[in-house]
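File shown: target01.txt. Contents: compact mmCIF, C-alpha atoms and all ligand atoms.
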# COMPACT_ATOMS: atom_id res chain seq x y z
CA MET A 1 0.00 0.00 0.00
CA VAL A 2 1.41 3.34 -1.03
CA ASP A 3 1.44 5.91 1.75
CA THR A 4 -0.06 9.07 0.28
CA ALA A 5 0.04 10.93 3.60
CA ALA A 6 3.02 12.86 2.23
CA SER A 7 0.59 15.19 0.44
CA SER A 8 -0.45 18.38 2.17
CA GLN A 9 -3.78 18.18 0.31
CA THR A 10 -7.00 16.60 1.49
CA ALA A 11 -9.18 14.38 -0.65
CA GLU A 12 -12.38 15.86 0.79
CA LYS A 13 -13.92 18.90 -0.83
CA THR A 14 -15.68 21.75 0.95
CA THR A 15 -18.68 23.53 -0.55
CA TYR A 16 -18.36 27.29 -0.45
CA GLY A 17 -21.27 28.02 -2.77
CA LEU A 18 -18.96 29.41 -5.42
CA PRO A 19 -19.82 29.70 -9.12
CA LYS A 20 -18.15 27.20 -11.41
CA PRO A 21 -14.84 28.69 -12.56
CA ILE A 22 -13.99 29.16 -16.18
CA PRO A 23 -10.52 28.71 -17.74
CA ALA A 24 -8.27 31.70 -17.06
CA TYR A 25 -7.20 31.83 -20.70
CA TYR A 26 -10.01 31.14 -23.11
CA PRO A 27 -10.27 31.42 -26.88
CA HIS A 28 -11.80 34.46 -28.46
CA PRO A 29 -12.23 34.99 -32.18
CA GLY A 30 -8.97 35.93 -33.88
CA SER A 31 -6.87 35.24 -30.77
CA LYS A 32 -3.19 34.71 -31.53
CA LEU A 33 -3.06 32.10 -28.80
CA TYR A 34 -5.02 29.52 -30.70
CA ALA A 35 -4.35 27.80 -33.97
CA ASP A 36 -6.53 28.27 -37.04
CA LYS A 37 -7.91 24.72 -37.12
CA GLU A 38 -8.75 24.79 -40.80
CA PHE A 39 -5.21 25.83 -41.69
CA TYR A 40 -3.55 23.17 -39.53
CA ASP A 41 -5.97 20.50 -40.78
CA LYS A 42 -4.80 21.39 -44.26
CA ILE A 43 -1.19 20.82 -43.18
CA ALA A 44 -2.05 17.56 -41.42
CA ASN A 45 -3.84 16.23 -44.50
CA SER A 46 -1.42 17.53 -47.11
CA LYS A 47 0.99 15.48 -49.19
CA LYS A 48 4.25 15.10 -47.29
CA THR A 49 7.71 14.10 -48.43
CA LEU A 50 9.86 12.20 -45.98
CA VAL A 51 13.14 14.08 -45.70
CA LYS A 52 14.89 12.49 -42.73
CA GLU A 53 14.38 9.66 -40.32
CA TYR A 54 16.05 8.95 -36.99
CA ARG A 55 15.91 6.15 -34.49
CA CYS A 56 16.54 6.81 -30.81
CA PRO A 57 17.85 3.61 -29.17
CA PRO A 58 16.24 2.50 -25.92
CA ARG A 59 17.45 4.30 -22.78
CA SER A 60 19.29 7.03 -24.69
CA GLY A 61 18.75 10.42 -26.30
CA ILE A 62 19.21 12.06 -29.70
CA ALA A 63 19.07 15.66 -30.95
CA PHE A 64 18.21 16.80 -34.47
CA GLN A 65 17.32 19.90 -36.43
CA VAL A 66 13.88 20.59 -37.86
CA PRO A 67 13.57 23.40 -40.43
CA ALA A 68 10.71 25.86 -40.07
CA LYS A 69 7.64 24.98 -42.15
CA SER A 70 8.23 21.26 -41.94
CA VAL A 71 6.33 18.63 -40.04
CA PHE A 72 7.94 16.15 -37.69
CA ARG A 73 6.46 13.04 -36.24
CA LEU A 74 7.52 11.21 -33.07
CA THR A 75 6.74 7.49 -33.06
CA THR A 76 6.91 4.37 -30.92
CA PRO A 77 7.96 1.92 -33.67
CA GLU A 78 8.25 -1.13 -31.41
CA GLY A 79 5.44 -0.39 -28.99
CA PRO A 80 4.97 1.46 -25.71
CA GLN A 81 7.73 3.84 -24.64
CA VAL A 82 7.53 7.26 -23.06
CA LEU A 83 9.44 10.17 -24.59
CA ASP A 84 10.82 13.34 -22.97
CA LEU A 85 10.84 16.26 -25.40
CA ASN A 86 12.92 19.46 -25.36
CA ILE A 87 12.79 22.15 -28.07
CA TRP A 88 14.94 25.23 -28.71
CA ASN A 89 15.09 27.93 -31.36
CA LEU A 90 17.95 26.57 -33.48
CA HIS A 91 19.57 30.01 -33.79
CA ASN A 92 19.12 31.08 -30.18
CA PRO A 93 18.98 28.37 -27.52
CA ARG A 94 17.92 30.89 -24.89
CA GLU A 95 14.51 30.63 -26.55
CA ARG A 96 13.11 27.26 -25.54
CA PHE A 97 9.94 25.42 -24.63
CA TRP A 98 8.03 26.84 -21.64
CA ALA A 99 5.92 24.08 -20.17
CA ALA A 100 4.22 26.18 -17.47
CA ARG A 101 2.86 28.86 -19.83
CA THR A 102 1.80 26.24 -22.35
CA ARG A 103 -0.15 24.53 -19.54
CA GLN A 104 -1.96 27.78 -18.75
CA LEU A 105 -2.69 28.79 -22.31
CA HIS A 106 -3.95 25.39 -23.44
CA SER A 107 -4.18 22.61 -20.86
CA ALA A 108 -1.98 20.48 -18.64
CA HIS A 109 -2.05 17.76 -21.32
CA VAL A 110 -1.79 18.77 -24.94
CA SER A 111 -3.11 17.42 -28.22
CA THR A 112 -3.96 18.47 -31.77
CA TYR A 113 -4.11 22.26 -32.39
CA ASP A 114 -2.34 23.12 -29.13
CA ARG A 115 0.92 24.98 -29.43
CA LEU A 116 4.16 24.62 -27.52
CA TRP A 117 5.18 28.14 -26.45
CA SER A 118 8.62 29.57 -25.83
CA ASN A 119 9.86 31.29 -22.66
CA LEU A 120 10.18 35.01 -21.95
CA PRO A 121 10.90 37.40 -23.45
CA TYR A 122 10.09 35.52 -26.67
CA LEU A 123 6.66 34.01 -26.00
CA ARG A 124 5.74 32.63 -29.39
CA PRO A 125 4.88 29.19 -30.70
CA LEU A 126 7.77 26.83 -31.37
CA VAL A 127 5.40 24.24 -32.84
CA THR A 128 1.72 23.62 -33.40
CA ILE A 129 0.50 20.06 -32.87
CA THR A 130 -1.01 18.64 -36.06
CA GLY A 131 -1.61 15.00 -35.13
CA ASP A 132 -2.05 12.83 -32.05
CA SER A 133 -3.03 9.20 -32.53
CA LEU A 134 -3.75 8.86 -28.79
CA ASN A 135 -6.45 11.44 -29.54
CA ALA A 136 -6.58 13.33 -26.22
CA ARG A 137 -7.04 10.02 -24.39
CA HIS A 138 -8.72 10.43 -20.96
CA ASP A 139 -9.13 7.39 -18.72
CA GLU A 140 -11.26 6.48 -15.71
CA TRP A 141 -8.61 7.69 -13.23
CA GLY A 142 -8.25 11.07 -14.85
CA GLY A 143 -5.10 10.02 -16.68
CA ARG A 144 -4.47 11.91 -19.91
CA ALA A 145 -1.76 11.77 -22.58
CA HIS A 146 1.21 14.09 -23.29
CA ASP A 147 1.67 16.11 -20.11
CA THR A 148 3.30 19.39 -19.19
CA LEU A 149 2.80 18.61 -15.48
CA GLY A 150 5.87 16.58 -14.73
CA THR A 151 9.43 16.89 -15.87
CA ARG A 152 12.30 14.65 -16.92
CA CYS A 153 13.63 11.99 -14.60
CA ASP A 154 17.08 13.01 -13.35
CA PRO A 155 20.02 11.51 -11.48
CA TYR A 156 19.88 14.09 -8.70
CA VAL A 157 16.39 13.27 -7.46
CA ASP A 158 17.21 9.58 -7.87
CA LYS A 159 20.31 9.99 -5.67
CA LEU A 160 18.24 11.95 -3.15
CA ILE A 161 15.61 9.23 -2.95
CA SER A 162 17.54 6.00 -3.50
CA GLY A 163 21.14 6.91 -2.74
CA GLU A 164 22.16 5.36 -6.08
CA ASP A 165 24.09 6.84 -9.00
CA ASN A 166 22.15 6.11 -12.21
CA ASP A 167 23.36 7.62 -15.47
CA LEU A 168 20.66 6.97 -18.06
CA HIS A 169 17.94 9.30 -16.83
CA CYS A 170 16.20 11.54 -19.35
CA HIS A 171 18.02 14.60 -18.02
CA SER A 172 21.34 12.86 -18.71
CA ASN A 173 20.19 11.42 -22.05
CA LEU A 174 19.15 14.91 -23.19
CA THR A 175 22.41 16.39 -21.87
CA ARG A 176 24.54 13.94 -23.86
CA ALA A 177 22.39 14.46 -26.97
CA ILE A 178 22.82 18.25 -27.07
CA LEU A 179 26.55 18.41 -26.29
CA PRO A 180 27.48 18.39 -30.03
CA TYR A 181 25.36 21.56 -30.41
CA GLY A 182 27.40 23.37 -27.77
CA LEU A 183 24.69 23.07 -25.14
CA THR A 184 25.00 21.68 -21.62
CA GLU A 185 22.76 20.33 -18.88
CA PHE A 186 21.85 23.92 -18.02
CA ASP A 187 20.03 24.09 -21.36
CA VAL A 188 17.87 21.04 -20.60
CA HIS A 189 14.46 22.29 -19.52
CA ASP A 190 11.07 21.09 -18.36
CA VAL A 191 9.80 18.62 -20.91
CA LEU A 192 6.67 17.61 -22.69
CA ASN A 193 6.13 13.99 -21.65
CA VAL A 194 4.98 12.45 -24.93
CA PHE A 195 3.12 9.11 -24.98
CA GLN A 196 2.94 9.27 -21.18
CA ILE A 197 -0.35 9.02 -19.27
CA THR A 198 -0.42 11.14 -16.15
CA GLY A 199 -2.82 12.92 -13.87
CA LEU A 200 -3.37 14.08 -10.31
CA THR A 201 -4.77 11.86 -7.57
CA GLU A 202 -7.55 12.87 -5.17
CA ASN A 203 -4.71 14.25 -3.02
CA ASP A 204 -3.46 16.35 -5.94
CA GLN A 205 -0.39 14.19 -6.41
CA TYR A 206 1.19 13.44 -9.77
CA PHE A 207 0.67 9.89 -11.00
CA MET A 208 1.85 7.99 -14.07
CA GLU A 209 0.19 5.03 -15.76
CA ALA A 210 1.61 2.47 -18.17
CA CYS A 211 2.11 3.83 -21.68
CA PRO A 212 -0.65 2.59 -24.04
CA ALA A 213 1.16 3.46 -27.31
CA THR A 214 1.44 0.81 -29.99
CA LYS A 215 3.87 0.57 -32.90
CA ASP A 216 1.40 2.61 -34.97
CA ASP A 217 1.07 5.59 -32.63
CA TYR A 218 2.49 9.02 -33.37
CA PHE A 219 2.58 12.62 -32.19
CA GLU A 220 3.05 15.13 -34.99
CA MET A 221 4.02 18.82 -34.97
CA PHE A 222 4.43 21.66 -37.45
CA ALA A 223 7.67 23.61 -36.89
CA GLU A 224 6.85 27.30 -36.61
CA GLN A 225 10.58 28.15 -36.42
CA ASP A 226 13.93 26.52 -37.21
CA LEU A 227 14.28 24.17 -34.28
CA LEU A 228 16.75 22.08 -32.37
CA VAL A 229 14.83 19.17 -30.89
CA ALA A 230 16.07 16.58 -28.40
CA ILE A 231 14.25 13.47 -27.28
CA SER A 232 14.99 10.88 -24.62
CA ALA A 233 13.72 7.30 -24.56
CA CYS A 234 13.06 7.22 -20.82
CA PRO A 235 14.85 4.43 -18.91
CA GLY A 236 11.48 3.94 -17.20
CA GLY A 237 10.45 2.44 -20.57
CA ASP A 238 6.70 2.02 -20.81
CA LEU A 239 6.33 2.74 -17.06
CA SER A 240 4.78 -0.67 -16.45
CA GLN A 241 7.58 -1.41 -13.93
CA TRP A 242 9.20 0.61 -11.18
CA GLY A 243 12.90 1.25 -11.38
CA TRP A 244 15.60 2.33 -13.80
CA GLY A 245 17.33 -0.91 -14.70
CA GLU A 246 20.81 0.08 -13.63
CA THR A 247 21.00 -2.27 -10.70
CA ASP A 248 21.31 -6.05 -10.88
CA ASP A 249 17.99 -6.77 -9.23
CA ASN A 250 15.79 -5.09 -11.83
CA ALA A 251 18.06 -4.71 -14.85
CA GLN A 252 16.39 -7.38 -16.99
CA THR A 253 12.81 -6.43 -16.06
CA MET A 254 13.46 -2.78 -16.92
CA THR A 255 15.32 -3.50 -20.13
CA ASP A 256 12.38 -5.61 -21.28
CA CYS A 257 10.00 -2.64 -21.00
CA CYS A 258 12.33 -0.15 -22.74
CA ARG A 259 11.96 0.40 -26.47
CA PRO A 260 13.29 2.72 -29.18
CA LEU A 261 11.65 5.87 -30.50
CA GLY A 262 11.32 7.05 -34.07
CA VAL A 263 11.48 10.49 -35.68
CA GLU A 264 10.27 11.33 -39.17
CA ILE A 265 10.76 14.78 -40.69
CA TYR A 266 8.62 15.74 -43.66
CA SER A 267 8.61 18.68 -46.02
CA ILE A 268 5.26 19.98 -47.17
CA GLU A 269 4.38 21.80 -50.32
CA GLU A 270 4.69 25.56 -50.30
CA GLU A 271 1.16 26.18 -51.57
CA VAL A 272 -0.30 24.50 -48.47
CA LEU A 273 1.40 27.19 -46.39
CA GLU A 274 -0.18 30.12 -48.14
CA GLY A 275 -1.02 32.71 -45.50
CA TRP A 276 1.43 31.35 -42.91
CA THR A 277 3.82 33.85 -41.39
CA ALA A 278 6.67 33.21 -38.96
CA PRO A 279 5.49 33.85 -35.39
CA GLU A 280 6.61 37.15 -33.92
CA CYS A 281 7.43 37.96 -30.34
CA PRO A 282 4.94 40.26 -28.60
CA GLN A 283 6.07 43.83 -29.20
CA TYR A 284 6.27 44.86 -25.54
CA LYS A 285 7.91 48.26 -25.58
CA GLY A 286 8.22 48.96 -21.87
CA ASN A 287 11.28 48.27 -19.81
CA HIS A 288 9.66 46.63 -16.79
CA GLY A 289 9.12 50.08 -15.31
CA LEU A 290 12.83 50.86 -15.28
CA LYS A 291 13.75 54.39 -16.27
CA GLY A 292 16.93 55.46 -17.98
CA PRO A 293 19.43 57.79 -16.29
CA SER A 294 17.96 61.27 -15.72
CA SER A 295 19.50 64.00 -17.79
ZN ZN A 301 12.75 9.62 -17.95
Output the file's structure as structure tokens, nothing else.
Amino acid sequence: MVDTAASSQTAEKTTYGLPKPIPAYYPHPGSKLYADKEFYDKIANSKKTLVKEYRCPPRSGIAFQVPAKSVFRLTTPEGPQVLDLNIWNLHNPRERFWAARTRQLHSAHVSTYDRLWSNLPYLRPLVTITGDSLNARHDEWGGRAHDTLGTRCDPYVDKLISGEDNDLHCHSNLTRAILPYGLTEFDVHDVLNVFQITGLTENDQYFMEACPATKDDYFEMFAEQDLLVAISACPGGDLSQWGWGETDDNAQTMTDCCRPLGVEIYSIEEEVLEGWTAPECPQYKGNHGLKGPSS
């Protein structure tokens, strides 16, 4: 029995007679926050030419470039496997995926038409999601697919909890993958957990369920900018087992539930993109209230 007493939250609710809240950020016609569904449907359904393909071996990470205006697809070619995703502006790695703002603007779990936003002061879409074969899956425990709630597994929290030194965590896999691009572990950021089913318990605690992806599942995005993308095939595999597989007692069990990931990059025809413009940063002209030197 798992002791959930560690949560500060209670399972019981109190009635205060309050009106039902509405989302803090909601769509309004013409909003720049939300994708033009018709336009992105056109991209999703257009003829695509496969330009590049990559395979990420189990329990490791890879990084690759995706040119603006192309589509890239993440896959689970041999069955269930969770994927930790990081994205940067290829030309300026200070601009990178901002999970928290994406969660507010769209939802804690993302699917088709949602966008993955960059951090301040850039705040513009890095990608728009054009396909999700798990189709905004929502199960009986509140588990949903592709979350911005959690982050990558890392060797520091593992050491804190277990006292062990494990080297194949997603944080480390992503770190090794981006080294050839001149980036370091300080560039690794909060991830999108792709193909992962997560939610919050009645005590508001993060939970993960086994990955339901099959060899035919995919998660597809349109690149709004030139991107550097890194993915990690989590050493937790399909999350059907507990552990990391770096100790003798669970090495075989964990290895058995770890599988590779696939990446496919497609070009799409220019005419499909008619009307598309590169996303701009908000033109905030203030200086955070700071004044220049007085004359
Ligand atoms: Zn991981």
Checklist entry - Within 9 Å of (-2.2, 28.3, -22.1), in the coordinates the file gives, what residues turn up when you count all atoms listed in the file, written out as a list of chain:residue names? => result A:Ala24, A:Tyr25, A:Tyr26, A:Leu33, A:Ala100, A:Arg101, A:Thr102, A:Arg103, A:Gln104, A:Leu105, A:His106, A:Ser107, A:Ala108, A:Asp114, A:Arg115, A:Trp117
Next on the checklist: For ligand ZN 301 (chain A), return the neighbouring residues as number ranges by chain (distance at most 12 Å; only C-alpha atoms and all ligand atoms).
Outcome noted: A: 58-61, 81-85, 150-155, 157-158, 166-174, 190-196, 208, 231-239, 242-245, 258
Could the residues in this selection be written to a file with C-alpha atoms, as a PDB file, in the frame of the given file?
ATOM      1  CA  PRO A  58      16.240   2.500 -25.920  1.00  0.00           C
ATOM      2  CA  ARG A  59      17.450   4.300 -22.780  1.00  0.00           C
ATOM      3  CA  SER A  60      19.290   7.030 -24.690  1.00  0.00           C
ATOM      4  CA  GLY A  61      18.750  10.420 -26.300  1.00  0.00           C
ATOM      5  CA  GLN A  81       7.730   3.840 -24.640  1.00  0.00           C
ATOM      6  CA  VAL A  82       7.530   7.260 -23.060  1.00  0.00           C
ATOM      7  CA  LEU A  83       9.440  10.170 -24.590  1.00  0.00           C
ATOM      8  CA  ASP A  84      10.820  13.340 -22.970  1.00  0.00           C
ATOM      9  CA  LEU A  85      10.840  16.260 -25.400  1.00  0.00           C
ATOM     10  CA  GLY A 150       5.870  16.580 -14.730  1.00  0.00           C
ATOM     11  CA  THR A 151       9.430  16.890 -15.870  1.00  0.00           C
ATOM     12  CA  ARG A 152      12.300  14.650 -16.920  1.00  0.00           C
ATOM     13  CA  CYS A 153      13.630  11.990 -14.600  1.00  0.00           C
ATOM     14  CA  ASP A 154      17.080  13.010 -13.350  1.00  0.00           C
ATOM     15  CA  PRO A 155      20.020  11.510 -11.480  1.00  0.00           C
ATOM     16  CA  VAL A 157      16.390  13.270  -7.460  1.00  0.00           C
ATOM     17  CA  ASP A 158      17.210   9.580  -7.870  1.00  0.00           C
ATOM     18  CA  ASN A 166      22.150   6.110 -12.210  1.00  0.00           C
ATOM     19  CA  ASP A 167      23.360   7.620 -15.470  1.00  0.00           C
ATOM     20  CA  LEU A 168      20.660   6.970 -18.060  1.00  0.00           C
ATOM     21  CA  HIS A 169      17.940   9.300 -16.830  1.00  0.00           C
ATOM     22  CA  CYS A 170      16.200  11.540 -19.350  1.00  0.00           C
ATOM     23  CA  HIS A 171      18.020  14.600 -18.020  1.00  0.00           C
ATOM     24  CA  SER A 172      21.340  12.860 -18.710  1.00  0.00           C
ATOM     25  CA  ASN A 173      20.190  11.420 -22.050  1.00  0.00           C
ATOM     26  CA  LEU A 174      19.150  14.910 -23.190  1.00  0.00           C
ATOM     27  CA  ASP A 190      11.070  21.090 -18.360  1.00  0.00           C
ATOM     28  CA  VAL A 191       9.800  18.620 -20.910  1.00  0.00           C
ATOM     29  CA  LEU A 192       6.670  17.610 -22.690  1.00  0.00           C
ATOM     30  CA  ASN A 193       6.130  13.990 -21.650  1.00  0.00           C
ATOM     31  CA  VAL A 194       4.980  12.450 -24.930  1.00  0.00           C
ATOM     32  CA  PHE A 195       3.120   9.110 -24.980  1.00  0.00           C
ATOM     33  CA  GLN A 196       2.940   9.270 -21.180  1.00  0.00           C
ATOM     34  CA  MET A 208       1.850   7.990 -14.070  1.00  0.00           C
ATOM     35  CA  ILE A 231      14.250  13.470 -27.280  1.00  0.00           C
ATOM     36  CA  SER A 232      14.990  10.880 -24.620  1.00  0.00           C
ATOM     37  CA  ALA A 233      13.720   7.300 -24.560  1.00  0.00           C
ATOM     38  CA  CYS A 234      13.060   7.220 -20.820  1.00  0.00           C
ATOM     39  CA  PRO A 235      14.850   4.430 -18.910  1.00  0.00           C
ATOM     40  CA  GLY A 236      11.480   3.940 -17.200  1.00  0.00           C
ATOM     41  CA  GLY A 237      10.450   2.440 -20.570  1.00  0.00           C
ATOM     42  CA  ASP A 238       6.700   2.020 -20.810  1.00  0.00           C
ATOM     43  CA  LEU A 239       6.330   2.740 -17.060  1.00  0.00           C
ATOM     44  CA  TRP A 242       9.200   0.610 -11.180  1.00  0.00           C
ATOM     45  CA  GLY A 243      12.900   1.250 -11.380  1.00  0.00           C
ATOM     46  CA  TRP A 244      15.600   2.330 -13.800  1.00  0.00           C
ATOM     47  CA  GLY A 245      17.330  -0.910 -14.700  1.00  0.00           C
ATOM     48  CA  CYS A 258      12.330  -0.150 -22.740  1.00  0.00           C
TER      49      CYS A 258
END
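Taking atom CA of A:Cys211 and atom CA of A:Asp248 as endpoints, the distance between them is 24.1 Å.
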Item to check | Distance query stretch 132-136 of chain A at most 6 Å, all atoms listed in the file, self and fewer than 2 positions along chain excluded, as number ranges by chain | outcome: A: 111-112, 217-219
Next on the checklist: Calculated over all atoms listed in the file, which of the candidates A:Gly143, A:Pro212, A:Pro67, A:Gly30 has the smallest distance to A:Leu90?
Outcome noted: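 Using all atoms listed in the file, the shortest distance to A:Leu90 belongs to A:Pro67.
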Next on the checklist: Excluding A:Lys47 and its own-chain neighbours fewer than 6 positions away, which residues fall within 9 Å of it when counting only C-alpha atoms? Please give them as a list in words.
Outcome noted: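 Close residues of A:Lys47: Ser267, Ile268 and Glu269 of chain A.
Minimum atom-to-atom distance to A:Leu116, evaluated using all atoms listed in the file, belongs to A:Gln225 out of A:Thr201, A:Gln225, A:Asn287, A:Ser70.
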Checklist entry - Quick one, how far is atom CA of A:Pro93 from atom CA of A:Glu185? => result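 According to the coordinates, atom CA of A:Pro93 and atom CA of A:Glu185 are separated by 12.4 Å.
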Checklist entry - With distances taken over all atoms listed in the file, which of A:Tyr122, A:Ser31, A:Asp139, A:Thr247 is nearest to A:Ser162? => result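 Looking at the shortest contact to A:Ser162, the residue is A:Thr247.
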Checklist entry - Which of these residues is nearest to A:Gly182, using all atoms listed in the file: A:Leu261, A:Ala63, A:Cys281, A:Ile129? => result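 Among A:Leu261, A:Ala63, A:Cys281, A:Ile129, it is A:Ala63 that comes nearest to A:Gly182.
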Checklist outcome for this item: Using all atoms listed in the file, the shortest atom-to-atom distance to A:Lys48 among A:Gly292, A:Phe222, A:Asn203, A:Thr255 belongs to A:Phe222
